[in-house]
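Trainee: Got work22.txt for you, compact mmCIF, C-alpha atoms (C1' of nucleotides):
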```
# COMPACT_ATOMS: atom_id res chain seq x y z
CA MET A 1 -10.66 23.88 7.78
CA THR A 2 -9.30 21.84 4.98
CA THR A 3 -6.36 20.93 7.14
CA ARG A 4 -7.15 20.48 10.74
CA ASN A 5 -4.43 20.11 13.28
CA PRO A 6 -5.13 17.02 15.33
CA PRO A 7 -2.63 15.94 17.98
CA ARG A 8 -2.07 12.82 15.92
CA PRO A 9 -2.50 13.24 12.19
CA ALA A 10 -4.75 10.69 10.57
CA LEU A 11 -3.03 7.96 8.63
CA ALA A 12 -3.47 8.07 4.91
CA ALA A 13 -4.89 4.86 3.53
CA LYS A 14 -1.77 4.25 1.52
CA GLN A 15 0.54 4.63 4.47
CA PHE A 16 -1.66 2.40 6.58
CA GLU A 17 -1.17 -0.28 3.98
CA LEU A 18 2.58 0.27 3.80
CA ILE A 19 2.88 -0.05 7.55
CA ALA A 20 0.81 -3.21 7.70
CA LYS A 21 2.96 -4.81 5.04
CA ALA A 22 6.16 -3.64 6.67
CA LEU A 23 5.13 -5.26 9.93
CA ALA A 24 4.08 -8.50 8.29
CA ASP A 25 7.52 -9.90 7.66
CA PRO A 26 9.03 -11.49 10.78
CA ARG A 27 12.58 -10.51 9.94
CA ARG A 28 11.61 -6.92 9.31
CA MET A 29 9.67 -6.87 12.55
CA ALA A 30 12.73 -8.19 14.35
CA LEU A 31 14.82 -5.44 12.80
CA LEU A 32 12.31 -2.88 13.97
CA GLU A 33 12.48 -4.29 17.48
CA ALA A 34 16.26 -4.10 17.46
CA ILE A 35 16.10 -0.50 16.30
CA ALA A 36 13.50 0.33 18.92
CA ALA A 37 15.71 -1.10 21.63
CA LYS A 38 18.23 1.69 21.11
CA ASP A 39 17.87 5.39 20.68
CA GLU A 40 20.30 5.46 17.82
CA CYS A 41 20.95 2.22 16.06
CA PRO A 42 23.88 2.03 13.67
CA CYS A 43 23.01 -0.07 10.70
CA VAL A 44 26.33 -1.91 10.88
CA GLN A 45 25.28 -3.34 14.20
CA LEU A 46 22.15 -4.83 12.69
CA ARG A 47 24.32 -6.77 10.33
CA GLN A 48 26.03 -8.40 13.26
CA GLN A 49 22.79 -9.42 14.91
CA PHE A 50 21.04 -10.82 11.87
CA PRO A 51 22.30 -13.52 9.54
CA VAL A 52 21.35 -11.80 6.33
CA SER A 53 23.26 -9.99 3.64
CA LYS A 54 23.71 -6.26 3.72
CA ALA A 55 21.59 -5.97 0.62
CA THR A 56 18.70 -7.53 2.47
CA ILE A 57 19.17 -5.26 5.46
CA SER A 58 19.22 -2.27 3.15
CA HIS A 59 16.05 -3.45 1.48
CA HIS A 60 14.20 -3.88 4.77
CA LEU A 61 15.35 -0.52 6.07
CA LYS A 62 14.05 1.08 2.93
CA GLU A 63 10.64 -0.50 3.45
CA LEU A 64 10.57 0.57 7.09
CA SER A 65 11.47 4.09 6.01
CA ARG A 66 8.82 4.13 3.30
CA ALA A 67 6.29 3.17 5.91
CA GLY A 68 7.50 5.95 8.17
CA LEU A 69 8.34 3.51 10.94
CA VAL A 70 12.02 4.33 10.90
CA GLU A 71 14.06 7.40 10.19
CA ALA A 72 17.50 6.76 8.79
CA ARG A 73 20.15 9.45 8.76
CA ARG A 74 23.50 9.17 7.09
CA GLU A 75 26.32 10.28 9.30
CA GLY A 76 29.56 10.07 7.49
CA GLN A 77 29.76 6.60 6.13
CA PHE A 78 27.36 5.23 8.70
CA LEU A 79 23.62 5.01 8.77
CA ASN A 80 21.84 5.69 12.00
CA CYS A 81 18.35 4.37 12.41
CA GLU A 82 15.78 5.62 14.83
CA ILE A 83 12.31 4.31 15.39
CA ARG A 84 9.39 6.66 14.90
CA ARG A 85 7.03 5.73 17.66
CA GLU A 86 4.46 8.28 16.55
CA THR A 87 3.91 6.27 13.39
CA LEU A 88 3.54 3.05 15.29
CA GLU A 89 1.08 4.66 17.65
CA ALA A 90 -0.85 6.21 14.79
CA TYR A 91 -1.06 2.79 13.19
CA THR A 92 -2.38 1.02 16.25
CA ALA A 93 -4.86 3.82 16.81
CA GLU A 94 -6.08 3.63 13.24
CA LEU A 95 -6.28 -0.14 13.43
CA LEU A 96 -8.47 0.02 16.50
CA ARG A 97 -10.53 2.76 14.98
CA ARG A 98 -11.19 0.72 11.85
CA ALA A 99 -11.88 -2.64 13.37
CA GLY A 100 -11.96 -2.31 17.10
CA GLY A 101 -14.18 0.68 17.31
CA ARG A 102 -16.98 0.07 19.76
CA MET B 1 5.16 -19.55 37.80
CA THR B 2 5.45 -21.19 34.47
CA THR B 3 2.05 -19.89 33.48
CA ARG B 4 1.12 -16.54 34.81
CA ASN B 5 -2.38 -15.22 34.52
CA PRO B 6 -2.29 -11.70 33.11
CA PRO B 7 -5.54 -9.85 32.42
CA ARG B 8 -4.67 -10.09 28.75
CA PRO B 9 -2.81 -13.26 27.82
CA ALA B 10 0.44 -12.64 26.04
CA LEU B 11 0.43 -13.32 22.36
CA ALA B 12 2.42 -16.29 21.26
CA ALA B 13 5.06 -15.39 18.73
CA LYS B 14 3.41 -17.54 16.13
CA GLN B 15 0.02 -15.93 16.53
CA PHE B 16 1.56 -12.48 16.47
CA GLU B 17 2.98 -13.36 13.09
CA LEU B 18 -0.29 -14.78 11.82
CA ILE B 19 -2.12 -11.63 12.83
CA ALA B 20 0.41 -9.33 11.21
CA LYS B 21 0.17 -11.26 7.96
CA ALA B 22 -3.60 -11.37 8.11
CA LEU B 23 -3.72 -7.61 8.45
CA ALA B 24 -1.24 -7.00 5.66
CA ASP B 25 -3.54 -7.71 2.76
CA PRO B 26 -5.79 -4.73 1.96
CA ARG B 27 -8.74 -6.82 0.89
CA ARG B 28 -8.57 -8.94 4.00
CA MET B 29 -8.32 -5.82 6.11
CA ALA B 30 -11.40 -4.47 4.35
CA LEU B 31 -13.24 -7.69 5.07
CA LEU B 32 -12.29 -7.40 8.71
CA GLU B 33 -13.60 -3.86 8.79
CA ALA B 34 -16.88 -4.95 7.27
CA ILE B 35 -17.19 -7.71 9.85
CA ALA B 36 -16.33 -5.33 12.66
CA ALA B 37 -19.04 -2.94 11.52
CA LYS B 38 -21.71 -5.47 12.46
CA ASP B 39 -22.18 -7.63 15.48
CA GLU B 40 -23.05 -10.63 13.38
CA CYS B 41 -21.96 -10.59 9.80
CA PRO B 42 -23.38 -13.22 7.47
CA CYS B 43 -20.75 -14.30 5.01
CA VAL B 44 -23.16 -14.09 2.14
CA GLN B 45 -23.38 -10.37 2.68
CA LEU B 46 -19.63 -10.01 2.27
CA ARG B 47 -19.95 -11.53 -1.16
CA GLN B 48 -22.29 -8.74 -2.14
CA GLN B 49 -19.99 -6.01 -0.91
CA PHE B 50 -16.77 -7.30 -2.41
CA PRO B 51 -16.12 -8.12 -6.03
CA VAL B 52 -14.32 -11.37 -5.38
CA SER B 53 -15.23 -14.99 -5.81
CA LYS B 54 -16.65 -17.01 -2.95
CA ALA B 55 -13.52 -19.13 -2.96
CA THR B 56 -11.46 -16.05 -2.21
CA ILE B 57 -13.79 -14.91 0.55
CA SER B 58 -13.62 -18.36 2.10
CA HIS B 59 -9.84 -18.28 1.93
CA HIS B 60 -9.59 -14.88 3.62
CA LEU B 61 -12.03 -15.85 6.34
CA LYS B 62 -9.96 -18.90 7.05
CA GLU B 63 -6.86 -16.77 7.46
CA LEU B 64 -8.67 -14.34 9.72
CA SER B 65 -9.89 -17.26 11.80
CA ARG B 66 -6.46 -18.81 12.00
CA ALA B 67 -5.17 -15.51 13.31
CA GLY B 68 -7.93 -15.42 15.88
CA LEU B 69 -9.23 -12.12 14.55
CA VAL B 70 -12.59 -13.53 13.58
CA GLU B 71 -14.83 -16.22 14.91
CA ALA B 72 -16.99 -17.95 12.34
CA ARG B 73 -19.95 -20.05 13.33
CA ARG B 74 -22.01 -22.13 11.00
CA GLU B 75 -25.70 -21.66 11.50
CA GLY B 76 -27.61 -23.90 9.22
CA GLN B 77 -26.26 -23.26 5.79
CA PHE B 78 -25.00 -19.82 6.69
CA LEU B 79 -21.76 -18.67 8.17
CA ASN B 80 -21.84 -15.92 10.73
CA CYS B 81 -18.69 -13.99 11.37
CA GLU B 82 -17.88 -12.00 14.42
CA ILE B 83 -14.80 -9.95 15.12
CA ARG B 84 -12.70 -10.79 18.15
CA ARG B 85 -11.65 -7.44 19.46
CA GLU B 86 -9.64 -8.98 22.25
CA THR B 87 -7.24 -10.39 19.70
CA LEU B 88 -6.90 -7.08 17.95
CA GLU B 89 -6.25 -5.33 21.23
CA ALA B 90 -3.75 -7.96 22.29
CA TYR B 91 -1.97 -7.45 18.99
CA THR B 92 -1.71 -3.68 19.26
CA ALA B 93 -0.57 -4.03 22.87
CA GLU B 94 2.10 -6.52 21.92
CA LEU B 95 3.18 -4.37 19.00
CA LEU B 96 3.66 -1.36 21.23
CA ARG B 97 5.38 -3.49 23.82
CA ARG B 98 7.86 -4.80 21.29
CA ALA B 99 8.66 -1.65 19.40
CA GLY B 100 7.00 1.23 21.13
CA GLY B 101 8.07 0.40 24.61
CA ARG B 102 9.11 3.43 26.55
C1' DT C 1 -35.42 -37.34 -4.53
C1' DA C 2 -34.12 -33.41 -7.03
C1' DA C 3 -32.75 -28.81 -7.43
C1' DA C 4 -30.89 -24.72 -5.62
C1' DA C 5 -28.01 -22.04 -2.70
C1' DG C 6 -24.08 -21.25 0.80
C1' DG C 7 -19.34 -22.64 1.66
C1' DT C 8 -15.20 -25.49 1.08
C1' DT C 9 -11.48 -27.66 -1.36
C1' DC C 10 -8.49 -28.33 -5.32
C1' DG C 11 -5.36 -27.04 -9.00
C1' DA C 12 -3.54 -23.59 -11.69
C1' DT C 13 -1.80 -19.04 -12.53
C1' DG C 14 0.05 -14.58 -12.27
C1' DG C 15 1.99 -11.26 -9.32
C1' DT C 16 4.50 -9.99 -5.22
C1' DT C 17 8.45 -10.30 -2.30
C1' DG C 18 12.48 -11.92 0.61
C1' DT C 19 16.92 -13.22 -0.42
C1' DC C 20 21.27 -13.61 -2.63
C1' DT C 21 25.56 -12.27 -5.43
C1' DA C 22 27.88 -8.90 -7.89
C1' DA C 23 28.82 -4.43 -9.27
C1' DC C 24 28.64 0.22 -7.91
C1' DT C 25 28.99 4.78 -5.04
C1' DG C 26 30.74 7.30 -1.27
C1' DA C 27 33.58 8.16 2.89
C1' DC C 28 37.65 7.51 5.61
C1' DG C 29 42.66 6.75 6.55
C1' DT C 30 47.30 6.02 4.92
C1' DA D 1 45.78 7.85 -5.40
C1' DC D 2 44.75 3.62 -3.20
C1' DG D 3 42.50 0.22 -0.39
C1' DT D 4 39.01 -0.55 2.79
C1' DC D 5 34.70 -0.37 4.75
C1' DA D 6 29.46 1.05 4.77
C1' DG D 7 25.65 1.06 2.17
C1' DT D 8 22.92 1.06 -2.43
C1' DT D 9 21.37 -0.73 -6.74
C1' DA D 10 20.50 -4.16 -10.28
C1' DG D 11 19.35 -8.57 -11.69
C1' DA D 12 17.98 -13.24 -10.76
C1' DC D 13 15.72 -16.82 -8.35
C1' DA D 14 12.61 -19.20 -5.29
C1' DA D 15 8.90 -19.07 -2.25
C1' DC D 16 4.74 -17.26 -1.12
C1' DC D 17 0.08 -15.70 -1.90
C1' DA D 18 -4.27 -13.59 -3.80
C1' DT D 19 -7.24 -14.97 -7.12
C1' DC D 20 -10.05 -17.71 -10.10
C1' DG D 21 -13.04 -21.64 -12.07
C1' DA D 22 -14.62 -26.07 -11.25
C1' DA D 23 -15.86 -29.83 -8.54
C1' DC D 24 -17.58 -31.03 -4.21
C1' DC D 25 -20.24 -31.17 0.35
C1' DT D 26 -24.34 -29.63 3.12
C1' DT D 27 -28.50 -27.67 4.10
C1' DT D 28 -32.92 -26.15 2.74
C1' DT D 29 -36.96 -26.24 -0.07
C1' DA D 30 -39.96 -27.93 -3.59
```
I'd like the structure from this file rewritten - as structure tokens, please.
Mentor:
Amino acid sequence: MTTRNPPRPALAAKQFELIAKALADPRRMALLEAIAAKDECPCVQLRQQFPVSKATISHHLKELSRAGLVEARREGQFLNCEIRRETLEAYTAELLRRAGGR
Amino acid sequence: MTTRNPPRPALAAKQFELIAKALADPRRMALLEAIAAKDECPCVQLRQQFPVSKATISHHLKELSRAGLVEARREGQFLNCEIRRETLEAYTAELLRRAGGR
DNA sequence: TAAAAGGTTCGATGGTTGTCTAACTGACGT
DNA sequence: ACGTCAGTTAGACAACCATCGAACCTTTTA
């Protein structure tokens, strides 16, 4: 009973905050959109689309990962990013629950 | 054709950004939750619930208003705040459309 | 009119953060 | 082993922002 098994696990307060902050920066949001547009997005391709340094890209990807919005897997020397839609959906659900609820 | 008439008007890019930033600050999010919990929330009551100065409350309410998340009406010397759920729903819809789509 | 109370505006300040360059690590091919 | 390319890390800098106290405006009440 301590751990129920809901279809969508509730968002911890801390993660809710991380997600909100991750989504707040326009560039990071644009990166997320680019990642969402593909099933597997190689990081090197992001660098071609966005006029920012690789350090900045790396930083943003780290924040998106911390928030659970993106999963990044190293494959050889490349980094493949994939969006985690479950997290996004959990966030919107929690947002509506907190402030939209009835 | 230039202006369609969807049941929920699309969020302008600028407003989308304003909303995301408004939601990113934990205190502001908490204020929004408190406002959402009532149909009409007198500002003076927020000052009792939150340990921040009235200047800060005023600032946050302005940001929430700018984002369209809250409507504030002066009534006499009081300020009544009401949440605008349509905006919140438009935001979550746009968020899912941009990054959760299919 | 004066005082009190609710909100706003103004500076100032300290902390956060997006961005860069540079140096580093790790993987691949020759 | 070497050079190259992908990404990370560290440090620095500038811009932004949450917060405050103080001064101000407005409404109500005495």
Trainee: Can you work out which residues from chain A touch chain D at a cut-off of 9 Å (counting all atoms listed in the file) and hand them back as a tab-separated table (two decimals) with C-alpha atoms, keeping the file's coordinate frame?
Mentor:
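As a result, part31.tsv now contains:
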```tsv
chain	number	residue	atom	x	y	z
A	43	CYS	CA	23.01	-0.07	10.70
A	44	VAL	CA	26.33	-1.91	10.88
A	54	LYS	CA	23.71	-6.26	3.72
A	55	ALA	CA	21.59	-5.97	0.62
A	58	SER	CA	19.22	-2.27	3.15
A	77	GLN	CA	29.76	6.60	6.13
A	78	PHE	CA	27.36	5.23	8.70
A	79	LEU	CA	23.62	5.01	8.77
```
Trainee: Take every atom of segment 12-22 of chain B listed in the file, pad by 8 Å on each side, and give me the axis-aligned box centre and edge lengths in Å, one decimal, as AutoDock Vina command-line options.
Mentor:
```
--center_x 0.7 --center_y -13.4 --center_z 14.6 --size_x 24.7 --size_y 24.2 --size_z 29.3
```
Trainee: Please identify every residue of chain C that has at least one atom no more than 9 Å from any atom of chain B, counting all atoms listed in the file, and report them as a PDB file with C-alpha atoms (C1' of nucleotides), in the coordinates of the input.
Mentor:
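result15.pdb was written with the following content:
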```pdb
ATOM      1  C1'  DA C   5     -28.010 -22.040  -2.700  1.00  0.00           C
ATOM      2  C1'  DG C   6     -24.080 -21.250   0.800  1.00  0.00           C
ATOM      3  C1'  DG C   7     -19.340 -22.640   1.660  1.00  0.00           C
ATOM      4  C1'  DT C   8     -15.200 -25.490   1.080  1.00  0.00           C
ATOM      5  C1'  DT C   9     -11.480 -27.660  -1.360  1.00  0.00           C
TER       6       DT C   9
END
```
Trainee: Report, in Å to a single decimal, how far apart atom CA of Asp25 of chain B and atom CA of Phe16 of chain A are.
Mentor: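 Separation of atom CA of Phe16 of chain A and atom CA of Asp25 of chain B: 11.0 Å.
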Trainee: Give chain B as a tab-separated table (two decimals) with C-alpha atoms, in the frame of the given file once it has been least-squares superposed onto chain A over every C-alpha atom, paired in order.
Mentor:
```tsv
chain	number	residue	atom	x	y	z
B	1	MET	CA	-12.00	22.85	7.41
B	2	THR	CA	-10.37	20.91	4.69
B	3	THR	CA	-7.36	20.27	6.88
B	4	ARG	CA	-8.04	19.84	10.51
B	5	ASN	CA	-5.25	19.79	13.03
B	6	PRO	CA	-5.67	16.79	15.31
B	7	PRO	CA	-3.07	16.07	17.99
B	8	ARG	CA	-2.16	12.98	16.01
B	9	PRO	CA	-2.51	13.40	12.26
B	10	ALA	CA	-4.70	10.82	10.64
B	11	LEU	CA	-2.92	8.17	8.69
B	12	ALA	CA	-3.36	8.32	4.98
B	13	ALA	CA	-4.78	5.13	3.57
B	14	LYS	CA	-1.65	4.53	1.57
B	15	GLN	CA	0.66	4.86	4.54
B	16	PHE	CA	-1.57	2.64	6.63
B	17	GLU	CA	-1.09	-0.02	4.00
B	18	LEU	CA	2.66	0.49	3.82
B	19	ILE	CA	2.95	0.14	7.57
B	20	ALA	CA	0.85	-3.01	7.69
B	21	LYS	CA	2.98	-4.61	5.00
B	22	ALA	CA	6.19	-3.49	6.64
B	23	LEU	CA	5.14	-5.14	9.87
B	24	ALA	CA	4.05	-8.35	8.20
B	25	ASP	CA	7.47	-9.78	7.54
B	26	PRO	CA	8.96	-11.42	10.66
B	27	ARG	CA	12.52	-10.48	9.87
B	28	ARG	CA	11.60	-6.88	9.26
B	29	MET	CA	9.63	-6.84	12.48
B	30	ALA	CA	12.68	-8.21	14.27
B	31	LEU	CA	14.82	-5.49	12.75
B	32	LEU	CA	12.35	-2.90	13.95
B	33	GLU	CA	12.49	-4.35	17.43
B	34	ALA	CA	16.26	-4.21	17.43
B	35	ILE	CA	16.15	-0.59	16.31
B	36	ALA	CA	13.56	0.25	18.93
B	37	ALA	CA	15.74	-1.25	21.64
B	38	LYS	CA	18.31	1.50	21.13
B	39	ASP	CA	17.99	5.21	20.74
B	40	GLU	CA	20.45	5.27	17.89
B	41	CYS	CA	21.05	2.05	16.08
B	42	PRO	CA	23.99	1.87	13.69
B	43	CYS	CA	23.08	-0.23	10.71
B	44	VAL	CA	26.34	-2.09	10.86
B	45	GLN	CA	25.30	-3.53	14.18
B	46	LEU	CA	22.15	-4.98	12.65
B	47	ARG	CA	24.32	-6.92	10.25
B	48	GLN	CA	26.01	-8.58	13.18
B	49	GLN	CA	22.76	-9.57	14.84
B	50	PHE	CA	20.99	-10.93	11.79
B	51	PRO	CA	22.21	-13.62	9.46
B	52	VAL	CA	21.26	-11.85	6.27
B	53	SER	CA	23.20	-10.09	3.58
B	54	LYS	CA	23.72	-6.35	3.66
B	55	ALA	CA	21.61	-6.03	0.54
B	56	THR	CA	18.68	-7.53	2.41
B	57	ILE	CA	19.18	-5.29	5.42
B	58	SER	CA	19.29	-2.27	3.14
B	59	HIS	CA	16.09	-3.39	1.46
B	60	HIS	CA	14.23	-3.84	4.75
B	61	LEU	CA	15.42	-0.51	6.08
B	62	LYS	CA	14.15	1.14	2.96
B	63	GLU	CA	10.73	-0.40	3.46
B	64	LEU	CA	10.66	0.63	7.10
B	65	SER	CA	11.59	4.15	6.06
B	66	ARG	CA	8.97	4.27	3.36
B	67	ALA	CA	6.41	3.30	5.96
B	68	GLY	CA	7.64	6.04	8.24
B	69	LEU	CA	8.45	3.56	10.99
B	70	VAL	CA	12.14	4.34	10.97
B	71	GLU	CA	14.22	7.38	10.29
B	72	ALA	CA	17.65	6.72	8.87
B	73	ARG	CA	20.34	9.36	8.86
B	74	ARG	CA	23.68	9.05	7.20
B	75	GLU	CA	26.51	10.13	9.41
B	76	GLY	CA	29.74	9.90	7.58
B	77	GLN	CA	29.89	6.43	6.19
B	78	PHE	CA	27.49	5.07	8.76
B	79	LEU	CA	23.76	4.87	8.82
B	80	ASN	CA	21.98	5.55	12.06
B	81	CYS	CA	18.47	4.29	12.46
B	82	GLU	CA	15.92	5.55	14.88
B	83	ILE	CA	12.42	4.29	15.44
B	84	ARG	CA	9.52	6.68	14.98
B	85	ARG	CA	7.15	5.74	17.73
B	86	GLU	CA	4.63	8.33	16.65
B	87	THR	CA	4.05	6.38	13.46
B	88	LEU	CA	3.62	3.14	15.33
B	89	GLU	CA	1.17	4.75	17.71
B	90	ALA	CA	-0.73	6.36	14.87
B	91	TYR	CA	-0.97	2.96	13.24
B	92	THR	CA	-2.32	1.15	16.28
B	93	ALA	CA	-4.77	4.00	16.86
B	94	GLU	CA	-5.99	3.86	13.30
B	95	LEU	CA	-6.23	0.08	13.45
B	96	LEU	CA	-8.42	0.22	16.52
B	97	ARG	CA	-10.45	3.02	15.02
B	98	ARG	CA	-11.14	1.02	11.89
B	99	ALA	CA	-11.85	-2.37	13.37
B	100	GLY	CA	-11.95	-2.04	17.10
B	101	GLY	CA	-14.15	0.97	17.28
B	102	ARG	CA	-16.70	0.72	20.01
```
Trainee: List every residue of chain A that has an atom at most 8 Å from any atom of chain B, giving for each one its closest atom pair and the distance in Å to one decimal, counting only C-alpha atoms, sorted by chain and then by ascending residue number, as a tab-separated table.
Mentor:
```
residue	atom	partner	partner_atom	distance
A:Glu17	CA	B:Pro26	CA	6.7
A:Ala20	CA	B:Ala24	CA	4.8
A:Lys21	CA	B:Ala24	CA	4.8
A:Leu23	CA	B:Ala20	CA	6.4
A:Ala24	CA	B:Ala20	CA	4.8
A:Asp25	CA	B:Lys21	CA	7.5
A:Pro26	CA	B:Glu17	CA	6.7
A:Leu32	CA	B:Ala99	CA	6.7
A:Glu33	CA	B:Ala99	CA	5.0
A:Ala36	CA	B:Ala99	CA	5.3
A:Ala37	CA	B:Ala99	CA	7.4
A:Arg85	CA	B:Gly100	CA	5.7
A:Leu88	CA	B:Gly100	CA	7.0
A:Glu89	CA	B:Leu96	CA	7.5
A:Thr92	CA	B:Thr92	CA	5.6
A:Leu96	CA	B:Leu88	CA	7.4
A:Arg98	CA	B:Glu33	CA	6.0
A:Ala99	CA	B:Glu33	CA	5.0
A:Gly100	CA	B:Arg85	CA	5.7
A:Gly101	CA	B:Ala36	CA	7.9
```
Trainee: May I ask for the distance between atom CA of Val70 of chain B and atom CA of Gln45 of chain B, given in Å to one decimal place?
Mentor: 15.7 Å
Trainee: Would you compute the distance between atom CA of Pro42 of chain A and atom C1' of DC28 of chain C? Give it in Å to one decimal.
Mentor: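 Atom-to-atom, atom CA of Pro42 of chain A and atom C1' of DC28 of chain C are spaced 16.9 Å apart.
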Trainee: C:DG26, C:DG18, C:DT1, C:DA12: which is nearest Arg28 of chain A, counting all atoms listed in the file?
Mentor: C:DG18
Trainee: Starting from the sparse input, extend segment 51-76 of chain B to N, CA and C atoms and give the output as a JSON list (two decimals), in the coordinates of the input.
Mentor:
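File written: rebuild_28.json
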```
[["chain", "number", "residue", "atom", "x", "y", "z"],
["B", 51, "PRO", "N", -16.11, -7.51, -4.69],
["B", 51, "PRO", "CA", -16.12, -8.12, -6.03],
["B", 51, "PRO", "C", -15.10, -9.23, -6.15],
["B", 52, "VAL", "N", -15.23, -10.23, -5.29],
["B", 52, "VAL", "CA", -14.32, -11.37, -5.38],
["B", 52, "VAL", "C", -15.13, -12.65, -5.31],
["B", 53, "SER", "N", -14.52, -13.72, -5.77],
["B", 53, "SER", "CA", -15.23, -14.99, -5.81],
["B", 53, "SER", "C", -15.45, -15.52, -4.40],
["B", 54, "LYS", "N", -16.38, -16.44, -4.27],
["B", 54, "LYS", "CA", -16.65, -17.01, -2.95],
["B", 54, "LYS", "C", -15.46, -17.82, -2.45],
["B", 55, "ALA", "N", -14.71, -18.38, -3.37],
["B", 55, "ALA", "CA", -13.52, -19.13, -2.96],
["B", 55, "ALA", "C", -12.53, -18.20, -2.26],
["B", 56, "THR", "N", -12.39, -17.02, -2.80],
["B", 56, "THR", "CA", -11.46, -16.05, -2.21],
["B", 56, "THR", "C", -11.95, -15.60, -0.84],
["B", 57, "ILE", "N", -13.23, -15.30, -0.74],
["B", 57, "ILE", "CA", -13.79, -14.91, 0.55],
["B", 57, "ILE", "C", -13.53, -16.01, 1.58],
["B", 58, "SER", "N", -13.81, -17.23, 1.19],
["B", 58, "SER", "CA", -13.62, -18.36, 2.10],
["B", 58, "SER", "C", -12.16, -18.44, 2.56],
["B", 59, "HIS", "N", -11.26, -18.24, 1.61],
["B", 59, "HIS", "CA", -9.84, -18.28, 1.93],
["B", 59, "HIS", "C", -9.48, -17.20, 2.95],
["B", 60, "HIS", "N", -9.92, -15.98, 2.71],
["B", 60, "HIS", "CA", -9.59, -14.88, 3.62],
["B", 60, "HIS", "C", -10.18, -15.10, 5.01],
["B", 61, "LEU", "N", -11.41, -15.60, 5.04],
["B", 61, "LEU", "CA", -12.03, -15.85, 6.34],
["B", 61, "LEU", "C", -11.27, -16.91, 7.12],
["B", 62, "LYS", "N", -10.74, -17.86, 6.37],
["B", 62, "LYS", "CA", -9.96, -18.90, 7.05],
["B", 62, "LYS", "C", -8.70, -18.30, 7.68],
["B", 63, "GLU", "N", -8.06, -17.42, 6.93],
["B", 63, "GLU", "CA", -6.86, -16.77, 7.46],
["B", 63, "GLU", "C", -7.18, -15.91, 8.67],
["B", 64, "LEU", "N", -8.28, -15.18, 8.59],
["B", 64, "LEU", "CA", -8.67, -14.34, 9.72],
["B", 64, "LEU", "C", -9.00, -15.19, 10.93],
["B", 65, "SER", "N", -9.58, -16.36, 10.70],
["B", 65, "SER", "CA", -9.89, -17.26, 11.80],
["B", 65, "SER", "C", -8.62, -17.84, 12.40],
["B", 66, "ARG", "N", -7.73, -18.26, 11.52],
["B", 66, "ARG", "CA", -6.46, -18.81, 12.00],
["B", 66, "ARG", "C", -5.74, -17.83, 12.90],
["B", 67, "ALA", "N", -5.83, -16.56, 12.54],
["B", 67, "ALA", "CA", -5.17, -15.51, 13.31],
["B", 67, "ALA", "C", -5.91, -15.20, 14.59],
["B", 68, "GLY", "N", -7.13, -15.70, 14.69],
["B", 68, "GLY", "CA", -7.93, -15.42, 15.88],
["B", 68, "GLY", "C", -8.61, -14.07, 15.85],
["B", 69, "LEU", "N", -8.63, -13.44, 14.67],
["B", 69, "LEU", "CA", -9.23, -12.12, 14.55],
["B", 69, "LEU", "C", -10.72, -12.20, 14.33],
["B", 70, "VAL", "N", -11.18, -13.36, 13.90],
["B", 70, "VAL", "CA", -12.59, -13.53, 13.58],
["B", 70, "VAL", "C", -13.04, -14.89, 14.08],
["B", 71, "GLU", "N", -14.24, -14.93, 14.57],
["B", 71, "GLU", "CA", -14.83, -16.22, 14.91],
["B", 71, "GLU", "C", -15.98, -16.47, 13.96],
["B", 72, "ALA", "N", -15.96, -17.62, 13.32],
["B", 72, "ALA", "CA", -16.99, -17.95, 12.34],
["B", 72, "ALA", "C", -17.79, -19.15, 12.83],
["B", 73, "ARG", "N", -19.08, -18.95, 12.90],
["B", 73, "ARG", "CA", -19.95, -20.05, 13.33],
["B", 73, "ARG", "C", -20.91, -20.41, 12.20],
["B", 74, "ARG", "N", -21.01, -21.68, 11.96],
["B", 74, "ARG", "CA", -22.01, -22.13, 11.00],
["B", 74, "ARG", "C", -23.37, -22.14, 11.68],
["B", 75, "GLU", "N", -24.34, -21.57, 11.00],
["B", 75, "GLU", "CA", -25.70, -21.66, 11.50],
["B", 75, "GLU", "C", -26.57, -22.08, 10.34],
["B", 76, "GLY", "N", -26.91, -23.34, 10.36],
["B", 76, "GLY", "CA", -27.61, -23.90, 9.22],
["B", 76, "GLY", "C", -26.67, -23.89, 8.03]]
```
